[in-house]
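> Input file: data-v8.csv. Contents: CSV, C-alpha atoms and all ligand atoms.
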chain,number,residue,atom,x,y,z
A,29,MET,CA,0.0,0.0,0.0
A,30,ASN,CA,2.8,2.5,0.9
A,31,ARG,CA,4.6,1.5,-2.2
A,32,LEU,CA,1.5,2.4,-4.3
A,33,THR,CA,1.2,5.7,-2.5
A,34,GLU,CA,4.9,6.5,-3.1
A,35,TYR,CA,4.5,5.7,-6.8
A,36,MET,CA,1.2,7.5,-7.5
A,37,LEU,CA,0.6,10.2,-4.9
A,38,PRO,CA,2.3,13.0,-3.0
A,39,PRO,CA,3.6,12.0,0.5
A,40,ALA,CA,0.8,11.4,3.0
A,41,ARG,CA,1.4,13.7,6.0
A,42,SER,CA,-1.8,13.9,7.9
A,43,VAL,CA,-3.6,11.4,10.1
A,44,THR,CA,-6.6,11.1,7.7
A,45,ALA,CA,-4.4,10.7,4.6
A,46,GLU,CA,-3.8,7.0,5.0
A,47,ASN,CA,-7.4,6.1,5.0
A,48,THR,CA,-8.2,8.4,2.0
A,49,ASP,CA,-5.3,6.7,0.1
A,50,ALA,CA,-6.4,3.2,1.0
A,51,LEU,CA,-9.8,3.8,-0.4
A,52,PHE,CA,-8.3,5.4,-3.5
A,53,HIS,CA,-6.1,2.4,-4.1
A,54,PHE,CA,-9.0,0.0,-3.5
A,55,ILE,CA,-11.2,1.7,-6.1
A,56,ASN,CA,-8.3,2.0,-8.5
A,57,VAL,CA,-7.1,-1.6,-8.2
A,58,THR,CA,-10.6,-3.0,-8.3
A,59,SER,CA,-11.3,-1.0,-11.5
A,60,ILE,CA,-8.1,-2.2,-13.1
A,61,ILE,CA,-8.9,-5.9,-12.3
A,62,LEU,CA,-12.5,-5.5,-13.7
A,63,LEU,CA,-11.2,-3.6,-16.8
A,64,LEU,CA,-8.6,-6.4,-17.5
A,65,GLY,CA,-11.2,-9.1,-16.9
A,66,ILE,CA,-13.8,-7.6,-19.2
A,67,THR,CA,-11.2,-6.8,-22.0
A,68,VAL,CA,-9.9,-10.4,-21.9
A,69,ALA,CA,-13.5,-11.8,-22.0
A,70,ILE,CA,-14.4,-9.5,-25.0
A,71,LEU,CA,-11.3,-10.7,-27.0
A,72,LEU,CA,-11.7,-14.3,-26.0
A,73,PHE,CA,-15.4,-14.5,-26.8
A,74,SER,CA,-15.2,-12.6,-30.1
A,75,TRP,CA,-12.7,-15.3,-31.2
A,76,LYS,CA,-14.5,-18.3,-29.7
A,77,TYR,CA,-18.0,-17.3,-31.0
A,78,ARG,CA,-16.9,-15.9,-34.3
A,79,ARG,CA,-19.1,-16.6,-37.4
A,80,ARG,CA,-17.8,-19.7,-39.0
A,81,SER,CA,-20.1,-20.3,-42.0
A,82,GLU,CA,-22.9,-18.6,-44.0
A,83,ASP,CA,-25.7,-20.4,-42.1
A,84,ASP,CA,-24.2,-19.9,-38.6
A,85,VAL,CA,-27.2,-18.5,-36.6
A,86,THR,CA,-27.0,-17.1,-33.0
A,87,PRO,CA,-29.3,-19.0,-30.6
A,88,VAL,CA,-31.9,-16.8,-28.9
A,89,ILE,CA,-31.4,-16.7,-25.1
A,90,SER,CA,-34.2,-14.8,-23.2
A,91,HIS,CA,-32.5,-14.8,-19.8
A,92,ASN,CA,-30.1,-16.5,-17.4
A,93,ASN,CA,-31.0,-16.0,-13.7
A,94,LYS,CA,-27.7,-17.2,-12.3
A,95,LEU,CA,-25.7,-15.0,-14.5
A,96,GLU,CA,-27.9,-11.9,-13.9
A,97,ILE,CA,-27.8,-12.3,-10.1
A,98,THR,CA,-24.0,-12.7,-10.2
A,99,TRP,CA,-23.5,-9.5,-12.3
A,100,SER,CA,-25.8,-7.6,-10.0
A,101,VAL,CA,-24.7,-8.8,-6.6
A,102,ILE,CA,-20.9,-8.5,-7.1
A,103,PRO,CA,-21.0,-4.8,-8.2
A,104,LEU,CA,-23.6,-4.1,-5.5
A,105,ILE,CA,-21.2,-5.5,-2.8
A,106,LEU,CA,-18.3,-3.5,-4.3
A,107,VAL,CA,-20.3,-0.3,-4.5
A,108,MET,CA,-21.6,-0.7,-0.9
A,109,ILE,CA,-18.0,-1.2,0.3
A,110,VAL,CA,-16.9,2.0,-1.4
A,111,PHE,CA,-20.0,3.9,0.0
A,112,GLY,CA,-19.5,2.7,3.6
A,113,TRP,CA,-15.8,3.3,3.5
A,114,GLY,CA,-16.2,6.7,1.8
A,115,PHE,CA,-19.0,7.9,4.1
A,116,SER,CA,-17.1,7.1,7.3
A,117,GLY,CA,-14.0,8.7,5.8
A,118,TYR,CA,-16.0,11.8,4.8
A,119,MET,CA,-17.5,12.1,8.3
A,120,ASP,CA,-13.9,11.9,9.8
A,121,LEU,CA,-12.8,14.7,7.4
A,122,ARG,CA,-15.8,16.9,8.1
A,123,THR,CA,-15.7,16.6,11.9
A,124,ALA,CA,-12.9,18.5,13.5
A,125,PRO,CA,-11.8,17.2,17.0
A,126,SER,CA,-13.2,19.5,19.7
A,127,ASP,CA,-9.7,20.4,21.0
A,128,ALA,CA,-8.5,21.5,17.5
A,129,TYR,CA,-6.3,24.7,17.3
A,130,GLU,CA,-8.3,27.2,15.4
A,131,ILE,CA,-6.8,29.5,12.7
A,132,LYS,CA,-8.9,31.9,10.6
A,133,VAL,CA,-8.1,31.9,6.9
A,134,ILE,CA,-9.0,34.7,4.4
A,135,GLY,CA,-8.7,34.1,0.7
A,136,LYS,CA,-8.1,37.3,-1.3
A,137,SER,CA,-7.2,37.8,-5.0
A,138,TRP,CA,-4.5,36.5,-5.0
A,139,LEU,CA,-3.1,35.6,-1.6
A,140,TRP,CA,-3.9,33.6,1.6
A,141,GLU,CA,-4.0,35.4,4.9
A,142,PHE,CA,-3.8,33.5,8.2
A,143,HIS,CA,-5.0,35.0,11.5
A,144,TYR,CA,-4.0,33.2,14.8
A,145,GLU,CA,-5.6,33.3,18.2
A,146,THR,CA,-2.8,35.4,19.5
A,147,GLY,CA,-3.5,38.2,17.0
A,148,ASN,CA,-0.6,37.2,14.7
A,149,VAL,CA,-1.1,37.5,11.0
A,150,SER,CA,0.9,35.7,8.3
A,151,VAL,CA,0.4,35.8,4.5
A,152,ASN,CA,1.0,32.8,2.3
A,153,GLU,CA,2.7,31.1,5.2
A,154,LEU,CA,0.6,28.9,7.5
A,155,HIS,CA,2.4,27.9,10.7
A,156,VAL,CA,1.0,24.9,12.6
A,157,PRO,CA,2.1,22.6,15.4
A,158,VAL,CA,2.8,18.9,14.6
A,159,ASP,CA,0.7,16.1,16.0
A,160,ARG,CA,-2.1,18.4,17.0
A,161,PRO,CA,-5.5,18.9,15.2
A,162,VAL,CA,-5.7,22.2,13.4
A,163,LYS,CA,-9.1,23.6,12.3
A,164,LEU,CA,-9.2,26.3,9.6
A,165,VAL,CA,-12.2,28.6,9.5
A,166,MET,CA,-12.2,30.2,6.1
A,167,ARG,CA,-13.9,32.9,4.1
A,168,SER,CA,-13.1,34.9,1.0
A,169,ASP,CA,-12.9,38.7,0.7
A,170,ASP,CA,-13.9,38.6,-3.0
A,171,VAL,CA,-14.4,35.7,-5.3
A,172,LEU,CA,-14.5,31.9,-4.9
A,173,HIS,CA,-11.2,30.3,-4.0
A,174,SER,CA,-10.4,26.8,-2.8
A,175,PHE,CA,-7.9,25.7,-0.2
A,176,TYR,CA,-6.0,22.5,-1.1
A,177,VAL,CA,-3.1,20.8,0.6
A,178,PRO,CA,-2.2,17.7,-1.5
A,179,ASP,CA,0.0,16.2,1.3
A,180,TYR,CA,-2.9,16.3,3.7
A,181,ARG,CA,-5.5,15.1,1.2
A,182,VAL,CA,-7.8,18.0,2.3
A,183,LYS,CA,-9.6,20.5,0.1
A,184,MET,CA,-12.4,23.0,0.7
A,185,ASP,CA,-14.0,25.9,-1.2
A,186,VAL,CA,-13.5,29.3,0.3
A,187,LEU,CA,-16.5,31.6,-0.3
A,188,PRO,CA,-17.5,35.2,0.2
A,189,ASN,CA,-20.3,35.9,2.8
A,190,ARG,CA,-20.0,32.4,4.3
A,191,TYR,CA,-17.6,30.4,6.5
A,192,THR,CA,-16.4,27.0,5.5
A,193,SER,CA,-13.9,24.9,7.5
A,194,LEU,CA,-11.5,22.0,7.2
A,195,TRP,CA,-9.2,20.3,9.7
A,196,PHE,CA,-6.0,18.3,9.6
A,197,GLN,CA,-3.4,16.9,11.9
A,198,ALA,CA,0.1,17.0,10.5
A,199,THR,CA,2.1,13.8,11.3
A,200,GLU,CA,5.6,15.2,10.7
A,201,THR,CA,7.5,18.5,10.8
A,202,GLY,CA,8.4,20.1,7.5
A,203,GLU,CA,6.8,22.1,4.7
A,204,SER,CA,3.8,21.3,2.5
A,205,ILE,CA,2.4,23.3,-0.4
A,206,VAL,CA,-1.1,24.9,-0.5
A,207,PHE,CA,-2.8,25.5,-3.9
A,208,CYS,CA,-5.8,27.5,-4.8
A,209,THR,CA,-7.9,25.1,-6.8
A,210,GLU,CA,-10.8,27.4,-7.9
A,211,TYR,CA,-10.0,29.5,-11.0
A,212,CYS,CA,-10.1,33.0,-9.5
A,213,GLY,CA,-8.6,35.3,-12.1
A,214,THR,CA,-5.3,36.5,-13.6
A,215,ALA,CA,-2.9,35.4,-10.8
A,216,HIS,CA,-4.8,32.3,-9.7
A,217,SER,CA,-1.8,30.1,-10.5
A,218,ASN,CA,0.3,32.2,-8.2
A,219,MET,CA,-2.1,31.9,-5.3
A,220,LEU,CA,0.2,29.5,-3.4
A,221,ALA,CA,1.1,29.2,0.2
A,222,THR,CA,3.3,27.0,2.3
A,223,VAL,CA,2.4,25.1,5.5
A,224,PHE,CA,5.2,25.1,8.0
A,225,VAL,CA,4.8,22.3,10.5
A,226,HIS,CA,6.7,23.0,13.7
A,227,SER,CA,7.2,21.1,17.0
A,228,GLN,CA,4.9,22.4,19.7
A,229,GLU,CA,7.9,24.3,21.2
A,230,ASP,CA,9.0,25.9,17.9
A,231,PHE,CA,5.4,26.8,17.1
A,232,GLU,CA,5.1,28.7,20.4
A,233,THR,CA,8.4,30.5,19.7
A,234,TRP,CA,7.1,31.4,16.2
A,235,LEU,CA,3.9,32.8,17.7
A,236,GLU,CA,5.9,34.9,20.2
A,237,THR,CA,8.4,36.3,17.7
A,238,ALA,CA,6.5,36.6,14.4
A,239,GLY,CA,5.3,40.1,13.7
A,240,SER,CA,7.5,41.8,16.2
A,241,ALA,CA,10.5,41.8,13.8
A,242,ASP,CA,9.5,45.2,12.4
A,243,ASP,CA,10.3,47.3,15.4
A,244,ASP,CA,14.0,47.8,15.1
A,245,MET,CA,14.5,47.2,11.4
A,246,ASP,CA,15.4,49.7,8.8
A,247,PRO,CA,12.1,50.9,7.3
A,248,VAL,CA,13.2,50.5,3.6
A,249,GLU,CA,14.4,46.9,4.3
A,250,ARG,CA,11.2,46.2,6.3
A,251,GLY,CA,9.1,47.6,3.5
A,252,GLU,CA,10.8,45.3,1.0
A,253,GLN,CA,10.3,42.4,3.3
A,254,LEU,CA,6.5,43.2,3.7
A,255,VAL,CA,6.0,43.5,-0.1
A,256,THR,CA,7.2,39.9,-0.3
A,257,GLN,CA,5.5,38.7,2.9
A,258,TYR,CA,2.1,40.2,2.0
A,259,ALA,CA,2.4,38.9,-1.5
A,260,CYS,CA,2.1,42.5,-3.0
A,261,ALA,CA,4.8,41.2,-5.4
A,262,THR,CA,2.4,38.8,-7.0
A,263,CYS,CA,0.8,41.7,-8.8
A,264,HIS,CA,3.2,44.6,-8.4
A,265,SER,CA,6.8,44.3,-9.7
A,266,SER,CA,9.6,46.4,-8.4
A,267,ASP,CA,11.5,46.5,-11.7
A,268,GLY,CA,9.1,48.1,-14.2
A,269,ARG,CA,7.3,45.0,-15.4
A,270,SER,CA,3.6,45.4,-15.7
A,271,LEU,CA,1.8,42.5,-14.0
A,272,SER,CA,-1.9,42.5,-12.9
A,273,GLY,CA,-1.2,45.8,-11.2
A,274,PRO,CA,1.1,48.8,-11.9
A,275,THR,CA,4.8,48.4,-11.1
A,276,PHE,CA,6.3,50.1,-8.0
A,277,GLN,CA,9.2,51.3,-10.0
A,278,GLY,CA,8.9,55.1,-10.7
A,279,LEU,CA,5.6,55.2,-8.9
A,280,TRP,CA,6.6,57.6,-6.2
A,281,MET,CA,5.4,61.2,-6.9
A,282,SER,CA,4.5,60.3,-10.5
A,283,GLU,CA,1.4,61.6,-12.1
A,284,ARG,CA,-1.2,58.9,-12.4
A,285,THR,CA,-4.3,59.0,-14.6
A,286,MET,CA,-7.3,57.2,-13.2
A,287,VAL,CA,-10.0,55.4,-15.2
A,288,ASP,CA,-12.4,58.3,-14.7
A,289,GLY,CA,-9.8,60.8,-16.1
A,290,GLU,CA,-8.7,62.2,-12.7
A,291,VAL,CA,-5.0,62.9,-12.4
A,292,VAL,CA,-3.4,62.1,-9.0
A,293,ILE,CA,0.1,62.5,-7.7
A,294,ALA,CA,1.3,59.2,-6.1
A,295,ASP,CA,2.2,60.6,-2.7
A,296,GLU,CA,1.9,59.1,0.8
A,297,ASN,CA,-1.8,59.5,0.9
A,298,TYR,CA,-2.4,58.0,-2.5
A,299,ILE,CA,-0.3,54.9,-1.7
A,300,ARG,CA,-2.0,54.6,1.7
A,301,GLU,CA,-5.4,54.8,0.2
A,302,SER,CA,-4.5,52.3,-2.5
A,303,ILE,CA,-3.5,49.8,0.2
A,304,LEU,CA,-6.5,50.3,2.5
A,305,GLU,CA,-9.2,51.1,-0.1
A,306,PRO,CA,-7.8,50.0,-3.4
A,307,ASN,CA,-10.9,50.3,-5.4
A,308,VAL,CA,-11.6,54.0,-4.7
A,309,ARG,CA,-9.2,55.1,-7.4
A,310,ILE,CA,-8.2,52.7,-10.3
A,311,THR,CA,-5.3,53.5,-12.5
A,312,GLU,CA,-6.1,53.7,-16.2
A,313,GLY,CA,-5.4,50.4,-17.9
A,314,TYR,CA,-6.0,48.2,-14.8
A,315,ASP,CA,-8.9,46.4,-13.3
A,316,PRO,CA,-10.4,46.9,-9.8
A,317,VAL,CA,-9.2,43.5,-8.5
A,318,MET,CA,-6.9,44.4,-5.5
A,319,PRO,CA,-8.1,43.3,-2.1
A,320,SER,CA,-8.0,45.7,0.8
A,321,PHE,CA,-5.3,45.3,3.4
A,322,ALA,CA,-7.2,47.2,6.1
A,323,GLY,CA,-6.9,45.2,9.3
A,324,SER,CA,-3.9,43.3,7.9
A,325,LEU,CA,-1.2,45.9,7.7
A,326,ASN,CA,-0.9,48.5,10.5
A,327,ASP,CA,0.3,52.1,10.1
A,328,ARG,CA,3.9,51.3,10.8
A,329,GLN,CA,4.0,48.7,8.2
A,330,ILE,CA,2.3,50.9,5.6
A,331,ASP,CA,4.9,53.6,6.4
A,332,ALA,CA,7.7,51.0,5.7
A,333,ILE,CA,6.1,50.0,2.4
A,334,ILE,CA,6.0,53.7,1.4
A,335,GLU,CA,9.6,54.1,2.3
A,336,TYR,CA,10.5,51.2,0.2
A,337,ILE,CA,8.5,52.4,-2.8
A,338,LYS,CA,10.3,55.8,-2.5
A,339,THR,CA,13.6,54.0,-3.2
A,340,LEU,CA,12.4,52.5,-6.5
A,341,GLN,CA,13.1,55.3,-8.9
B,401,LIG,CU1,-7.8,31.9,-5.6
B,401,LIG,CU2,-7.6,30.5,-7.6
Please express what this file holds, its structure, as structure tokens.

Amino acid sequence: MNRLTEYMLPPARSVTAENTDALFHFINVTSIILLLGITVAILLFSWKYRRRSEDDVTPVISHNNKLEITWSVIPLILVMIVFGWGFSGYMDLRTAPSDAYEIKVIGKSWLWEFHYETGNVSVNELHVPVDRPVKLVMRSDDVLHSFYVPDYRVKMDVLPNRYTSLWFQATETGESIVFCTEYCGTAHSNMLATVFVHSQEDFETWLETAGSADDDMDPVERGEQLVTQYACATCHSSDGRSLSGPTFQGLWMSERTMVDGEVVIADENYIRESILEPNVRITEGYDPVMPSFAGSLNDRQIDAIIEYIKTLQ
């Protein structure tokens, strides 16, 4: 079984993955056996009962009880096994243990934001403890997204105006990739995140230290770091390339023409407004697709990003 998994699937790193894989292999192997059996029978019979002469006539057979019961009962048993196994597995996947550690997830075009009980926020990086059930309570800020961790065999749609959830328990420390599996626009394929599985001790250390790094850092450096951390770089380049959004290069104090013809100077207030209420003013040639970072970035962080943009002339 583990051999099959190694050969066909990504590594199984959650407590529920093994059962999911076992059912997958059962369906797969049964289907292959049936396919081979039927194919061999078709070839064999078409040879054995081929027409041998002009007056060869097929005898009329109205029914055969034994045969009909056999081909009904065997598939019924197989289908009931798959149903029972699948249903109990589904219930396990849908029912988070009551002691699960809860993390809020917000999907935005095109990034994943994670909010922890301690108030920490991380973007495109999900930090969790090993050997402990983790429940994700998820919603979207804009369109449909879907949260998928192949290594854990868990996937759930993330919707606006409604919470969905999923849970998993990582069985080993390390990193696993998160995909968005609902087509959500231009940068859908870049809507990736990484799960970092820590020991309980390291996880607590991470909770204590994460987010406090900005205090004594150089604002320009901190700004550059935030642009990566908060996935601004998915849509805004720093080297002049035009992605889904305008480049940061040469942005500072430039004259910007908006879709409604208004001309704005890209000063502190313009950049701040663009981060907090991105759809108030839309630059000509671009679509109103940026999510708001209100509640995600604080004033100090916005200052740092502005300082960084200033250096990109
Ligand atoms: Cu979000 Cu695709």
> Would you please work out which residue, of A:Phe111, A:Ser272, A:Thr123, A:Ser302, is nearest to Asp315 in chain A when using all atoms listed in the file?
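Smallest separation from Asp315 in chain A among the options: A:Ser272.
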> Counting only C-alpha atoms and all ligand atoms, figure out which residue out of A:Cys208, A:Leu164, A:Val182, A:Ile102 gets nearest to ligand LIG 401 (chain B).
A:Cys208
> To one decimal place, how far is CA of Val165 in chain A from CA of Leu187 in chain A in Å?
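About the pair CA of Val165 in chain A and CA of Leu187 in chain A: they are 11.1 Å apart.
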> Taking only C-alpha atoms and all ligand atoms into account, which of A:Thr262, A:Thr237, A:Thr48, A:Ser168 comes nearest ligand LIG 401 (chain B)?
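Using only C-alpha atoms and all ligand atoms, ligand LIG 401 (chain B) sits closest to A:Ser168.
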> Taking 3 positions as the minimum chain separation for residues in the same chain, which residues sit within 12 Å of range 58-66 of chain A when counting all atoms listed in the file? Answer as a PyMOL selection string.
chain A and resi 50-55+69-73+99+102-103+106-107+109-110
> Selected residues, C-alpha atoms, written as a PDB file, keeping the file's coordinate frame, please.

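Saved file out.pdb follows:
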ATOM      1  CA  ALA A  50      -6.400   3.200   1.000  1.00  0.00           C
ATOM      2  CA  LEU A  51      -9.800   3.800  -0.400  1.00  0.00           C
ATOM      3  CA  PHE A  52      -8.300   5.400  -3.500  1.00  0.00           C
ATOM      4  CA  HIS A  53      -6.100   2.400  -4.100  1.00  0.00           C
ATOM      5  CA  PHE A  54      -9.000   0.000  -3.500  1.00  0.00           C
ATOM      6  CA  ILE A  55     -11.200   1.700  -6.100  1.00  0.00           C
ATOM      7  CA  ALA A  69     -13.500 -11.800 -22.000  1.00  0.00           C
ATOM      8  CA  ILE A  70     -14.400  -9.500 -25.000  1.00  0.00           C
ATOM      9  CA  LEU A  71     -11.300 -10.700 -27.000  1.00  0.00           C
ATOM     10  CA  LEU A  72     -11.700 -14.300 -26.000  1.00  0.00           C
ATOM     11  CA  PHE A  73     -15.400 -14.500 -26.800  1.00  0.00           C
ATOM     12  CA  TRP A  99     -23.500  -9.500 -12.300  1.00  0.00           C
ATOM     13  CA  ILE A 102     -20.900  -8.500  -7.100  1.00  0.00           C
ATOM     14  CA  PRO A 103     -21.000  -4.800  -8.200  1.00  0.00           C
ATOM     15  CA  LEU A 106     -18.300  -3.500  -4.300  1.00  0.00           C
ATOM     16  CA  VAL A 107     -20.300  -0.300  -4.500  1.00  0.00           C
ATOM     17  CA  ILE A 109     -18.000  -1.200   0.300  1.00  0.00           C
ATOM     18  CA  VAL A 110     -16.900   2.000  -1.400  1.00  0.00           C
TER      19      VAL A 110
END
> Show me which residues line ligand LIG 401 (chain B), defined as having an atom within 10 Å of a ligand atom where all atoms listed in the file count, and present them as a PyMOL selection string.
chain A and resi 135-140+168+170-175+185-186+207-220
> Pick out the residues sitting within 8 Å of Pro39 in chain A, and hand them over as a PyMOL selection string; count only C-alpha atoms, and ignore anything fewer than 4 positions along from it in its own chain.
chain A and resi 33-34+179
> Near Arg122 in chain A, counting all atoms listed in the file, which residues have an atom at most 8 Å away, once you skip same-chain residues fewer than 3 positions from it, shown as a PyMOL selection string?
chain A and resi 118-119+194-195
> Which value, in Å to one decimal, gives the distance between CA of Leu304 in chain A and CA of Val255 in chain A?
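Atom-to-atom, CA of Leu304 in chain A and CA of Val255 in chain A are spaced 14.5 Å apart.
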> Point out the residue among A:Glu312, A:Asp327, A:Asp267, A:Glu46 with the least atom-to-atom distance to Gln341 in chain A, counting all atoms listed in the file.
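Ranking A:Glu312, A:Asp327, A:Asp267, A:Glu46 by distance to Gln341 in chain A, first place goes to A:Asp267.
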> Excluding same-chain residues fewer than 3 positions from Leu32 in chain A, what lies within 10 Å of it counting all atoms listed in the file, as an NGL selection string?
:A and (29 or 35-37 or 49-50 or 53)
> Rounded to one decimal, what separation in Å do you get between CA of Leu279 in chain A and CA of Asn152 in chain A?
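Spanning CA of Leu279 in chain A to CA of Asn152 in chain A is a straight-line distance of 25.5 Å.
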> Find the spatial neighbours of range 160-163 of chain A, counting all atoms listed in the file, within a cut-off of 8 Å - ignore same-chain residues fewer than 4 positions away - and output them as a list in words.
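Residues meeting the cut-off are Ala124, Pro125, Asp127, Ala128, Tyr129, Glu130, Ile131, Val156, Ser193, Leu194, Trp195, Phe196, Gln197 and Ala198 of chain A.
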> Measuring between all atoms listed in the file, which one of A:Asn326, A:Asn189, A:Thr44, A:Ser320 shows the shortest distance to Glu301 in chain A?
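Comparing A:Asn326, A:Asn189, A:Thr44, A:Ser320 against Glu301 in chain A, the winner is A:Ser320.
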> Identify which of the residues A:Arg167, A:Glu236, A:Trp113, A:Arg80 lies closest to Thr146 in chain A, counting only C-alpha atoms when measuring atom-to-atom distances.
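For Thr146 in chain A, the nearest of the candidates is A:Glu236.
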